[in-house]
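Visitor: A single structure is presented below for examination.
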Amino acid sequence: MAPLKREEALIEEFGYDDHFHEHHHGDKYQSNFVSHYIFSQDHKMIAKQFLITGMFWAIIGAAMSLIFRMQLGFPEESLAWLKPVLGKWITVNSEGIGTLQQDFYYALVTMHGTILVFFVLTAGLSGTFSNLLIPLMIGARDMASPLLNMLSYWFFFTSGMIMFASLFLSTGPFAGGWVAYPPLSALPQAMDGSGAGMTLWTISLVLLVISLLLGGINYITTVLNLRTKGMSMWRLPLPIWAFFVTAILGLLSFPVLTSAFFLLMLDRGIGTSFYLSDIYIGGAALDHVGGSPILYQHLFWFLGHPEVYIIILPAFGIVSEVLSVNARKPIFGYQAMVFSILAIAFLAFIVWAHHMFMSGINPFIANFFVIFTLIIAVPSAVKVFNWIATLYGGNIRFNPASLFAIGFVSMFISGGLTGIWLGNSALDIQLHDTYFVVAHFHIVMGVAAFFGMFAGIYHWFPKMYGRFMNDTLGKVHFWGTTIGAYCVFWPMHYLGMAGVPRRYYSFDSFQTFGHFDGMNKFITIAALLTFGFQLLFVINYFYSIWRGRKMTTKNPYNANTLEWTTPIEVGHGNWPGKLPTVQRWAYDYSKDGIDNISQVQPTLEGESVEH
Amino acid sequence: MTTFIIFICIALLLLIIVQVARVRDLAKKLRGSEEVEAKATKSTGYGLLFFMVALLVITTASAYYYKNYILGFGPHASASLHGEEIDSMMKWTLGVTYVTYILTHIALFYYAYKYRSRKGRKAQYMSHNNTVELVWTGIPAIVMTFLVVGGLDAWNEIMSDVGEDDNYMEIQASGRQFYWQMRYPGPDGLLGRTDFRLISGNNPLGQDWTDPKNHDDILVNDVTLPVDQKVRVRITAVDVLHDFYLPQFRVKMDAVPGLPTYFVFTPRTTTKEWRKGLSEYEEYQGIDPESDSGQQLWETRNFELACAELCGIGHWSMARTVTILEQDEFDTWYAGQTPYYEANIMGTDADPLFMADVKERRNAFNEAIGQAIATPANDDNFISLDHVNFEDGTADLTGDSEYQLNDLIGYLEDNDGVGVMLMGHAGNGAEETENVSLSTQRAEAIRTYLIDAGIDANRLRSRGYGSTQLMTTSGGEAAESRNSLIEIYITEGGVSEPQAPDLSSK
């Protein structure tokens, strides 16, 4: 019997009958265009909505970075050709040379950070894969609450609309950095963008937090309650562990961010002084006394640090799965992988002040944060070694997904190691707020998280659309992105070690920072090219939705996990008949000479089992 | 138009790549996918291996190439005492992370290459290995322990505040949109009190001038410090967050409104020594294009102060020069500075001490006038305007004369019936005719001043008395500076001239 037929038979034989009836001609979830494609309550459709919205934001956010990179790399060149798009933010002088206004430079930098961190890597990444994979991998018909799930997307959408609208304000969008430190963010006198732009920014992000919490509660509930028969926690595929822990992190930390924003709104709106004290600005001393700007930083980073793990943990999970499937080997040290995720998640809550070593906190307090921060290197190292060990002795298939997974490990190493520099407060004295930090977090949570996302998209695209993405384009995309990303971000380490501060509109005011014209040009060109390769991905994605190679078998990768036991065209409810029952863990690859053993396959008598 | 063409070209290029990729995938299908797959796997495997070698070589070589720009190496060794510890910590961390970077990358890409899929090969089933996992949990833990201990040791030493017995100099750096303001304590070695509510155009730090510690404080733009002297920088902000950043000295600390922070450091290299060091490097040879006198690049380099916390649209422009001098050079520079109070505040409206003085004088003046009016006796109706003065030998009022004149104006406005006889004196002319002429002009100048202020001209009369009635017995040059040059004789019910005043008897 062919393995696929066998799996179907196994589900039929051992499956759990929850009396699910498939509605071939539509049900209340997908009866017409609007309920199918727009206000969908189907987790797979919501996943696609999150992904495509995320891609929209990724293009906007990345394009913004190109504009400010051109200012940094080629300050003398004319940007007049951008005037049709940017309008008054480009000043054209009498010789026809167009320059980017400082106001808008800072607006672009701020929006780039906000969009990429919150709209792409948080909502886009976690929203896509948690939604798509949790029900499919744990053997559930859908999320615990499809309605909340739908609301989660629409809050995300609304929040995005508000942020998008803020780009068109006459005073410009918020421009005080994505961390929005008061007093700069609290006082419209301090900066144009801190007026209406900041108001919309906070409203948008509060809505986003609502979206993330609705999603998060759903993910947690679904993982805890809707696992199919036999799917114990220790049999969960690693992506599910990662999404589960990510959701818990979000649930515990995002409310703190919201409270920080509410206090900021009060300071802005009704004259409270939570964050403000002793300020003389715009020719007048303000009435605010007794507040502390550092309080905001504590509240912000109490989310802000877990946030980076909220971004990277889903990538961890995806990469573990993709590497294991394509190396035809179990993920090395499954339990260690789970424990390291848990350890990182726990530590995430007690390291926040490492963003604040130089912000005026008591230097003694920094001691604890240094210790906890550098401890994170240990579970991170374990993960890296385990990924490498997963490749060792494998029979590795190179496809865009596995290549991006390997690339992810490389980026995670390169970016993670510089975390050891920055987490050490003594070194942070010199490196804080320089390009070294920019290099570090872009590689370790920007590029690496994107690599995890790409690996996931290439790997599960057939599950989403029943077609494959173009392999050749995928590989071109991989090489272009990997080489490009290193070319963009690696040189920034040198800028940082030379002391060049981040968020500078121009380096001309200083002798110390002015040696790097050539390097800045190089970075800008590399960024432009890398962006071009991302367009290839976008083309590949949309082309393949309609014209990609069709999936002909249910389980094209010979993978063990449950999502590959669903039909090629997955309907609502995921499995047409009974729900599969899980008999073993997800990583029985190449065991006892058998290439792969699906999770629905019962254990043989005398077989040694992992979990 | 060019832009449009460029966009078209990019679009066409993308289209071509997409088409080629499509054709390749179709060809794969036609030619039998297994064979093509095997070939692709092999080339990708080699590609990964090549990428690894290229990555490691290029990253290493580029680091070597840029070593002279990296702080801690070459000409950019720390210029402060504590910075040496940071530099050494940085080198240790670089060593540890570099070795890890190389080894893990070799393992990652070499295994990917070596264990690439090949026909007939089977993967090994290897789910875990506790011994191995324990080893690679333990090793990072031990390495981290060393780095943490080393780092915290340095951190706590660097960040500790000055002790009571320390010999140090305290200066203030205040950040505001978009410049730094430095304050030095002056001869008393102490910075005076400040309050943000006192900040104004001519009091940039909100110094409280009633605090005598402020009177000798010096405000300058750039940082000048003596070498080998411990400095405590009191770091403050006026409006939003800033960050006091001295890249060459490994100094960085946020400036927070409402919460003064500090950084203690000891400069170790003078600007001169540093420039001499730079002169040995190729990058600093050649004429500085910004220099008018054709100096070499290394001759014009300066240590710098920057802002390292986003503070608004001018964040990138908060540059100041930092100059480190030998102690004796510094002492000379320091002695040549004028305290801000002395130069800009003392004796002006902004000086609360002076204003208190003015107020006291006003009270005394009003009291004297009241008494004069109340007693009809002729002699008592003379009042000297002690604080009305003229530039030497002229009828030009000095700047600080307005206070007493305003007091007089105030009084006249409140008391309609009072008339004033303005009596001018002058005593330093060679000839008495000159004295008379000058004193007449002086009395007239006051009259004009009062009329301009709205006092009815009929209530005022002026006359110059030359030196005849100078209120001194010694006479001569000195007289003018010791005695009032204007007297008023006031009477109720219109102005009248004094009857044969006998001033010398007073």
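Note on naming: chains are A, B, ... as they come in the structure tokens, residues start from 1 per chain, ligands start from 1 in the order shown.
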What parts of region 142-205 of chain A does DSSP call helix (DSSP H, G or I)? I'd like the answer as a PyMOL selection string.
Guide: chain A and resi 146-166+188-190+192-194+196-205
Visitor: Which parts of region 98-258 of chain B does DSSP call strand (DSSP E or B) when run on the backbone here, written out as a PyMOL selection string?
Guide: chain B and resi 116+168-176+179-184+194+200+203+207+218-220+223-226+230-237+242-246+251-256
Visitor: Would you export the selected residues with N, CA and C atoms as a tab-separated table (two decimals), in the first residue's frame, please?
Guide:
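That gives us part-v2.tsv:
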chain	number	residue	atom	x	y	z
B	116	ARG	N	24.75	16.43	1.94
B	116	ARG	CA	23.72	16.76	0.96
B	116	ARG	C	23.12	15.45	0.43
B	168	TYR	N	38.99	65.70	42.34
B	168	TYR	CA	38.36	65.70	41.02
B	168	TYR	C	37.82	67.09	40.70
B	169	MET	N	37.52	67.30	39.45
B	169	MET	CA	36.90	68.54	39.03
B	169	MET	C	35.50	68.22	38.52
B	170	GLU	N	34.51	68.97	38.95
B	170	GLU	CA	33.17	68.70	38.44
B	170	GLU	C	32.76	69.77	37.43
B	171	ILE	N	32.32	69.31	36.29
B	171	ILE	CA	31.78	70.23	35.29
B	171	ILE	C	30.37	69.78	34.92
B	172	GLN	N	29.63	70.65	34.30
B	172	GLN	CA	28.28	70.27	33.88
B	172	GLN	C	28.19	70.31	32.36
B	173	ALA	N	27.50	69.30	31.82
B	173	ALA	CA	27.17	69.31	30.39
B	173	ALA	C	25.66	69.27	30.29
B	174	SER	N	25.11	70.26	29.62
B	174	SER	CA	23.66	70.31	29.51
B	174	SER	C	23.27	70.21	28.05
B	175	GLY	N	22.40	69.26	27.73
B	175	GLY	CA	21.98	69.06	26.35
B	175	GLY	C	20.64	69.74	26.11
B	176	ARG	N	20.50	70.36	24.97
B	176	ARG	CA	19.20	70.89	24.56
B	176	ARG	C	19.15	70.90	23.05
B	179	TYR	N	22.16	71.66	20.88
B	179	TYR	CA	23.55	71.94	21.20
B	179	TYR	C	23.85	71.59	22.65
B	180	TRP	N	25.12	71.50	22.92
B	180	TRP	CA	25.56	71.25	24.29
B	180	TRP	C	26.03	72.56	24.90
B	181	GLN	N	25.74	72.75	26.18
B	181	GLN	CA	26.24	73.90	26.94
B	181	GLN	C	27.08	73.34	28.07
B	182	MET	N	28.33	73.80	28.16
B	182	MET	CA	29.20	73.33	29.23
B	182	MET	C	29.28	74.38	30.33
B	183	ARG	N	29.39	73.91	31.56
B	183	ARG	CA	29.57	74.85	32.68
B	183	ARG	C	30.74	74.39	33.53
B	184	TYR	N	31.63	75.31	33.84
B	184	TYR	CA	32.77	75.04	34.72
B	184	TYR	C	32.54	75.75	36.05
B	194	THR	N	20.76	75.25	40.27
B	194	THR	CA	19.98	75.59	39.08
B	194	THR	C	18.52	75.19	39.28
B	200	SER	N	16.17	81.02	30.77
B	200	SER	CA	15.69	82.06	29.87
B	200	SER	C	16.76	82.30	28.84
B	203	ASN	N	19.92	82.99	30.48
B	203	ASN	CA	20.28	82.10	31.59
B	203	ASN	C	20.05	80.67	31.11
B	207	GLN	N	20.48	79.06	36.08
B	207	GLN	CA	21.26	79.24	37.31
B	207	GLN	C	20.56	80.22	38.23
B	218	ILE	N	31.58	79.35	34.91
B	218	ILE	CA	31.94	79.76	33.55
B	218	ILE	C	31.13	78.94	32.56
B	219	LEU	N	30.49	79.60	31.62
B	219	LEU	CA	29.75	78.88	30.57
B	219	LEU	C	30.53	78.93	29.27
B	220	VAL	N	30.80	77.76	28.70
B	220	VAL	CA	31.48	77.71	27.41
B	220	VAL	C	30.79	76.67	26.53
B	223	VAL	N	34.41	71.61	25.19
B	223	VAL	CA	34.95	70.97	26.38
B	223	VAL	C	36.46	71.13	26.38
B	224	THR	N	36.97	71.67	27.45
B	224	THR	CA	38.42	71.76	27.61
B	224	THR	C	38.77	71.17	28.96
B	225	LEU	N	39.69	70.22	28.98
B	225	LEU	CA	40.00	69.55	30.24
B	225	LEU	C	41.50	69.35	30.37
B	226	PRO	N	41.99	69.30	31.61
B	226	PRO	CA	43.41	68.99	31.81
B	226	PRO	C	43.63	67.48	31.75
B	230	LYS	N	40.98	63.70	37.20
B	230	LYS	CA	39.68	63.03	37.24
B	230	LYS	C	38.57	64.07	37.09
B	231	VAL	N	37.64	63.79	36.20
B	231	VAL	CA	36.56	64.74	35.94
B	231	VAL	C	35.24	64.06	36.21
B	232	ARG	N	34.37	64.75	36.93
B	232	ARG	CA	33.01	64.24	37.07
B	232	ARG	C	32.12	65.15	36.24
B	233	VAL	N	31.49	64.56	35.24
B	233	VAL	CA	30.61	65.37	34.40
B	233	VAL	C	29.19	65.21	34.94
B	234	ARG	N	28.60	66.33	35.33
B	234	ARG	CA	27.19	66.29	35.72
B	234	ARG	C	26.40	66.50	34.44
B	235	ILE	N	25.58	65.51	34.09
B	235	ILE	CA	24.93	65.54	32.78
B	235	ILE	C	23.45	65.84	32.94
B	236	THR	N	23.00	66.90	32.32
B	236	THR	CA	21.61	67.30	32.46
B	236	THR	C	21.02	67.61	31.08
B	237	ALA	N	19.70	67.66	31.04
B	237	ALA	CA	19.02	68.01	29.79
B	237	ALA	C	17.97	69.07	30.07
B	242	HIS	N	18.92	63.57	25.79
B	242	HIS	CA	20.12	63.64	24.95
B	242	HIS	C	21.09	62.61	25.50
B	243	ASP	N	22.24	62.50	24.91
B	243	ASP	CA	23.23	61.59	25.47
B	243	ASP	C	24.62	62.16	25.27
B	244	PHE	N	25.30	62.31	26.40
B	244	PHE	CA	26.66	62.87	26.41
B	244	PHE	C	27.63	61.80	25.96
B	245	TYR	N	28.16	61.94	24.77
B	245	TYR	CA	28.94	60.87	24.15
B	245	TYR	C	30.29	61.39	23.70
B	246	LEU	N	31.35	60.86	24.31
B	246	LEU	CA	32.71	61.21	23.92
B	246	LEU	C	33.34	59.94	23.34
B	251	VAL	N	33.06	57.36	26.78
B	251	VAL	CA	32.13	57.96	27.73
B	251	VAL	C	30.78	58.10	27.06
B	252	LYS	N	29.74	57.62	27.73
B	252	LYS	CA	28.40	57.78	27.17
B	252	LYS	C	27.40	57.73	28.31
B	253	MET	N	26.51	58.68	28.36
B	253	MET	CA	25.47	58.66	29.40
B	253	MET	C	24.32	59.55	28.95
B	254	ASP	N	23.12	59.04	29.13
B	254	ASP	CA	21.94	59.82	28.76
B	254	ASP	C	21.83	61.08	29.61
B	255	ALA	N	21.36	62.14	28.98
B	255	ALA	CA	21.00	63.36	29.70
B	255	ALA	C	19.49	63.36	29.82
B	256	VAL	N	18.99	63.39	31.04
B	256	VAL	CA	17.57	63.17	31.27
B	256	VAL	C	16.97	64.40	31.95
Visitor: Would you kindly return, as a PyMOL selection string, each protein, DNA or RNA residue with an atom no farther than 7 Å from any atom of region 85-94 of chain B, considering only C-alpha atoms and excluding same-chain residues fewer than 5 positions away?
Guide: (chain A and resi 421+426-427) or (chain B and resi 72+151+154)
Visitor: Would you save the residues from that selection as a PDB file, in the first residue's frame, using C-alpha atoms?
Guide:
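Now in part.pdb:
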ATOM      1  CA  TRP A 421      29.187  42.273  23.163  1.00  0.00           C
ATOM      2  CA  ALA A 426      31.047  47.660  30.071  1.00  0.00           C
ATOM      3  CA  LEU A 427      31.191  47.298  26.287  1.00  0.00           C
TER       4      LEU A 427
ATOM      5  CA  GLY B  72      40.732  50.109  20.558  1.00  0.00           C
ATOM      6  CA  GLY B 151      32.646  42.762  32.285  1.00  0.00           C
ATOM      7  CA  ALA B 154      35.105  46.694  34.748  1.00  0.00           C
TER       8      ALA B 154
END
Visitor: Extract, using only C-alpha atoms, all DNA, RNA and protein residues at most 7 Å from region 170-186 of chain A, discarding same-chain residues fewer than 3 positions from it, and format them as a list of chain:residue names.
Guide: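 Answer for this query is A:Tyr106, A:Ala107, A:Val109, A:Thr110, A:Met111, A:Gly113, A:Thr114, A:Ser166, A:Leu167, A:Ala190, A:Asp192, A:Gly193, A:Ser194, A:Gly197, A:Met198, A:Trp201, A:Leu264, A:Asp267, A:Arg268, A:Tyr275, A:Leu276, A:Pro293, A:Gln297, B:Val240, B:Leu241, B:Cys311, B:Gly312.
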Visitor: Just the selected residues (N, CA and C atoms), exported as a short mmCIF file (atom, residue, chain, number, x, y, z; two decimals), in the first residue's frame, please.
Guide:
data_model
loop_
_atom_site.label_atom_id
_atom_site.label_comp_id
_atom_site.auth_asym_id
_atom_site.auth_seq_id
_atom_site.Cartn_x
_atom_site.Cartn_y
_atom_site.Cartn_z
N TYR A 106 13.69 61.44 9.71
CA TYR A 106 13.42 60.81 11.00
C TYR A 106 12.07 60.10 11.01
N ALA A 107 11.11 60.62 10.26
CA ALA A 107 9.83 59.94 10.15
C ALA A 107 10.01 58.57 9.48
N VAL A 109 12.79 56.75 9.36
CA VAL A 109 13.51 55.85 10.25
C VAL A 109 12.55 55.25 11.29
N THR A 110 11.70 56.12 11.84
CA THR A 110 10.76 55.70 12.87
C THR A 110 9.73 54.72 12.31
N MET A 111 9.17 55.07 11.16
CA MET A 111 8.14 54.21 10.57
C MET A 111 8.73 52.88 10.12
N GLY A 113 11.14 51.23 11.52
CA GLY A 113 11.24 50.39 12.72
C GLY A 113 9.89 49.90 13.18
N THR A 114 8.95 50.83 13.32
CA THR A 114 7.62 50.47 13.81
C THR A 114 6.98 49.41 12.91
N SER A 166 -1.47 57.97 8.98
CA SER A 166 -0.59 58.94 9.64
C SER A 166 0.55 59.37 8.71
N LEU A 167 0.84 58.55 7.70
CA LEU A 167 1.91 58.92 6.76
C LEU A 167 1.54 60.18 5.97
N ALA A 190 8.46 69.57 20.68
CA ALA A 190 9.80 69.03 20.51
C ALA A 190 10.06 68.61 19.07
N ASP A 192 7.71 68.06 15.06
CA ASP A 192 6.41 68.08 14.39
C ASP A 192 5.67 66.74 14.49
N GLY A 193 6.44 65.67 14.29
CA GLY A 193 5.82 64.34 14.28
C GLY A 193 5.22 63.94 15.60
N SER A 194 5.59 64.65 16.68
CA SER A 194 5.05 64.29 17.99
C SER A 194 3.67 64.88 18.21
N GLY A 197 0.80 62.99 14.46
CA GLY A 197 1.44 61.74 14.07
C GLY A 197 1.56 60.78 15.23
N MET A 198 1.99 61.32 16.38
CA MET A 198 2.16 60.48 17.56
C MET A 198 0.81 59.99 18.08
N TRP A 201 -0.15 57.19 15.98
CA TRP A 201 0.79 56.09 16.24
C TRP A 201 0.36 55.30 17.47
N LEU A 264 1.40 57.60 28.58
CA LEU A 264 1.93 58.60 27.65
C LEU A 264 0.80 59.47 27.08
N ASP A 267 -0.17 61.97 29.67
CA ASP A 267 0.81 63.06 29.72
C ASP A 267 0.61 64.02 28.55
N ARG A 268 0.30 63.46 27.41
CA ARG A 268 0.12 64.28 26.22
C ARG A 268 -1.19 65.05 26.24
N TYR A 275 5.85 60.91 32.96
CA TYR A 275 7.17 60.80 32.33
C TYR A 275 7.89 62.15 32.23
N LEU A 276 7.26 63.20 32.68
CA LEU A 276 7.81 64.52 32.40
C LEU A 276 8.19 65.25 33.67
N PRO A 293 11.25 60.14 32.71
CA PRO A 293 11.27 59.53 31.38
C PRO A 293 11.75 58.08 31.44
N GLN A 297 10.76 54.02 29.81
CA GLN A 297 11.69 53.07 29.21
C GLN A 297 11.57 51.70 29.87
N VAL B 240 14.52 67.51 26.05
CA VAL B 240 14.22 66.10 25.84
C VAL B 240 15.48 65.30 26.19
N LEU B 241 15.41 63.99 25.97
CA LEU B 241 16.59 63.16 26.26
C LEU B 241 17.71 63.51 25.28
N CYS B 311 17.02 63.06 19.68
CA CYS B 311 16.47 64.19 20.41
C CYS B 311 15.70 65.14 19.51
N GLY B 312 15.44 64.72 18.27
CA GLY B 312 14.72 65.61 17.36
C GLY B 312 15.46 65.71 16.04
#
Visitor: Hey, what's within 12 Å of Met355 (chain B) if we count only C-alpha atoms and toss same-chain stuff fewer than 2 positions away? As a list in words, please?
Guide: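 The residues that qualify are Trp209, Thr210, Ile345, Met346, Gly347, Thr348, Asp349, Ala350, Asp351, Pro352, Leu353, Asp357, Val358, Lys359, Glu360, Arg361, Arg362, Asp400, Tyr403 and Gln404 of chain B.
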Visitor: Hey, can you check how far CA of His515 (chain A) sits from CA of Thr482 (chain A)?
Guide: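 Spanning CA of His515 (chain A) to CA of Thr482 (chain A) is a straight-line distance of 26.9 Å.
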Visitor: Between B:Ile139, B:Ala123, B:Ala374, B:Ala38, which is the closest to chain A once you count only C-alpha atoms?
Guide: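 Comparing B:Ile139, B:Ala123, B:Ala374, B:Ala38 against chain A, the winner is B:Ala123.
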Visitor: Could you jot down the CA of Tyr465 (chain A) to CA of Lys550 (chain A) separation for me, Å, one decimal place?
Guide: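 Separation of CA of Tyr465 (chain A) and CA of Lys550 (chain A): 9.0 Å.
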Visitor: Set the distance at 12 Å and use only C-alpha atoms: which residues neighbour Val418 (chain B) once local chain neighbours fewer than 6 positions away are removed? I'd like the list as number ranges by chain.
Guide: B: 369-370, 372-374, 381, 408-409, 411-412, 455-456, 458-460, 488-496
Visitor: Counting only C-alpha atoms, figure out which residue out of A:Phe261, A:Phe155, A:Phe398, A:Phe168 gets nearest to Ala40 (chain B).
Guide: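 Closest residue, counting only C-alpha atoms: A:Phe398.
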Visitor: Find the residues around Tyr46 (chain B) up to 10 Å (only C-alpha atoms counted), leave out those fewer than 3 positions away in its own chain, and share them as a ChimeraX atom specification.
Guide: /B:40-43,49-52,109-110,112-114,116
Visitor: Grab the residues selected above and save them as a tab-separated table (two decimals), in the first residue's frame with N, CA and C atoms.
Guide:
chain	number	residue	atom	x	y	z
B	40	ALA	N	21.58	19.66	-9.32
B	40	ALA	CA	21.31	20.91	-8.60
B	40	ALA	C	21.77	20.81	-7.16
B	41	THR	N	21.50	19.67	-6.55
B	41	THR	CA	21.91	19.47	-5.16
B	41	THR	C	23.41	19.60	-5.02
B	42	LYS	N	24.11	18.98	-5.98
B	42	LYS	CA	25.57	19.02	-5.91
B	42	LYS	C	26.05	20.47	-6.04
B	43	SER	N	25.52	21.18	-7.02
B	43	SER	CA	26.01	22.54	-7.20
B	43	SER	C	25.62	23.43	-6.03
B	49	LEU	N	29.37	25.66	0.36
B	49	LEU	CA	30.74	25.56	0.84
B	49	LEU	C	31.54	26.80	0.42
B	50	PHE	N	31.37	27.18	-0.84
B	50	PHE	CA	32.07	28.34	-1.36
B	50	PHE	C	31.63	29.60	-0.62
B	51	PHE	N	30.33	29.68	-0.39
B	51	PHE	CA	29.81	30.84	0.33
B	51	PHE	C	30.46	30.95	1.71
B	52	MET	N	30.55	29.80	2.39
B	52	MET	CA	31.14	29.81	3.74
B	52	MET	C	32.57	30.34	3.69
B	109	PHE	N	28.11	24.92	7.43
B	109	PHE	CA	28.11	24.82	5.96
B	109	PHE	C	28.83	23.56	5.49
B	110	TYR	N	29.84	23.15	6.23
B	110	TYR	CA	30.52	21.92	5.80
B	110	TYR	C	29.57	20.73	5.93
B	112	ALA	N	26.34	20.82	5.84
B	112	ALA	CA	25.31	20.98	4.82
B	112	ALA	C	25.83	20.46	3.48
B	113	TYR	N	27.09	20.79	3.20
B	113	TYR	CA	27.70	20.33	1.95
B	113	TYR	C	27.91	18.82	1.98
B	114	LYS	N	28.50	18.34	3.08
B	114	LYS	CA	28.90	16.94	3.14
B	114	LYS	C	27.69	16.01	3.16
B	116	ARG	N	24.75	16.43	1.94
B	116	ARG	CA	23.72	16.76	0.96
B	116	ARG	C	23.12	15.45	0.43
Visitor: Restrict the calculation to only C-alpha atoms, then for each residue of region 138-251 of chain B with any atom at most 7 Å from an atom of region 364-375 of chain A give the closest atom pair and their distance in Å to one decimal, rows by chain and rising residue number, as JSON lines.
Guide:
{"residue": "B:Met144", "atom": "CA", "partner": "A:Leu374", "partner_atom": "CA", "distance": 6.5}
{"residue": "B:Val148", "atom": "CA", "partner": "A:Ile371", "partner_atom": "CA", "distance": 6.4}
{"residue": "B:Leu152", "atom": "CA", "partner": "A:Asn367", "partner_atom": "CA", "distance": 6.5}
Visitor: Name the closest residue to chain B among the candidates A:Trp81, A:Phe243, A:Tyr37, A:Phe451; distances are taken between atoms, counting only C-alpha atoms.
Guide: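 Selected residue with least distance to chain B: A:Trp81.
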